[in-house]
Amino acid sequence: MNSAQIAKMLLDSRYVVCLSGREMIVEDGIDSMRNMETAYEIEMKYGYSPEEIFSARFFNTRVENFYEFYRNEVLSQDKEPGAGYQALAELERMGVLQCTITRQLYNFPKRAGCSRVYNLHGNILEKNHCPRCSREYSVEYLMTSGKVPLCEKCRVPIHPGVTLLGEMVEIGLTTKAADEVSKADTLLLAGTNMRAEEVQQFLCYFQGERVILIHSGTCYGDHEADYFVEASVSEMLPKVVEDIKRMRNQ
């Protein structure tokens, strides 16, 4: 399946929703800490696995260690959204894509220009807040304000704007995202796979005509998509955008 075929299906769709997965941030140079080598290095460096550190329990009991990890391994490797996210933003501007749903923390869809984005697990840039007074703080404040960033008023540790393991995802946000999926006639899975948790979470709401899956490599379950393209999103989606422009100009 080539980019022109995907472009034609997207143009023929009434309502397209994208689930943006982990591979997209990896393509843009973010280490998601899911690979075994990185996880081992982190455990050797901090004495705990990434899953242990990135949890509500760890934040509440070892906040200084948490912020050492969060600054060094999460905030410091922030980069700019690449070609895949830029293509999603262009698809939205063209009226082809209605919204993007993601669990990634770097807010790349919105930073690339998408306006309708559901960040299910929050993001590093927004809603870094005091758990008492709800005052919000910038990433720069988190990076530079001592070993533990404290609320200037309440003097308690600031909670990062991301959902930690063990914390509830905002129910209202999940409900809105599920509603978007239920309205879609085309579901675009970008940089993820059919067995990914976020895909399984939302597939049950999808009642549309086609699921288009784009990711590099192969994974068990890829055959369950109606259309599977083995390619990097950052290479394929820009081609799709150009094909749509060409088709509209014909």
# chains A, B, ... in the order shown; residues from 1 in each chain; ligands from 1

$ residues_around --residues "A:Ser13" --least-positions-apart "2" --cutoff "12 Å" --atoms "only C-alpha atoms" --output "count of residues only"
24

$ select_by_dssp --residues "stretch 103-238 of chain A" --states "strand (DSSP E)" --output "ChimeraX atom specification"
/A:117-119,128-129,136-137,186-190,210-215,227-230

$ closest_residue --among "A:Leu213, A:Val74, A:Ala87, A:Met94" --to "A:Pro238" --atoms "only C-alpha atoms"
A:Ala87

$ closest_residue --among "A:Glu198, A:Glu73, A:Glu167, A:Glu43" --to "A:Ile101" --atoms "only C-alpha atoms"
A:Glu198

$ closest_residue --among "A:Glu52, A:Met24, A:Ile171, A:Arg111" --to "A:Met236" --atoms "only C-alpha atoms"
A:Met24

$ atom_distance --atom1 "atom CA of A:Thr102" --atom2 "atom CA of A:Leu165"
16.1 Å
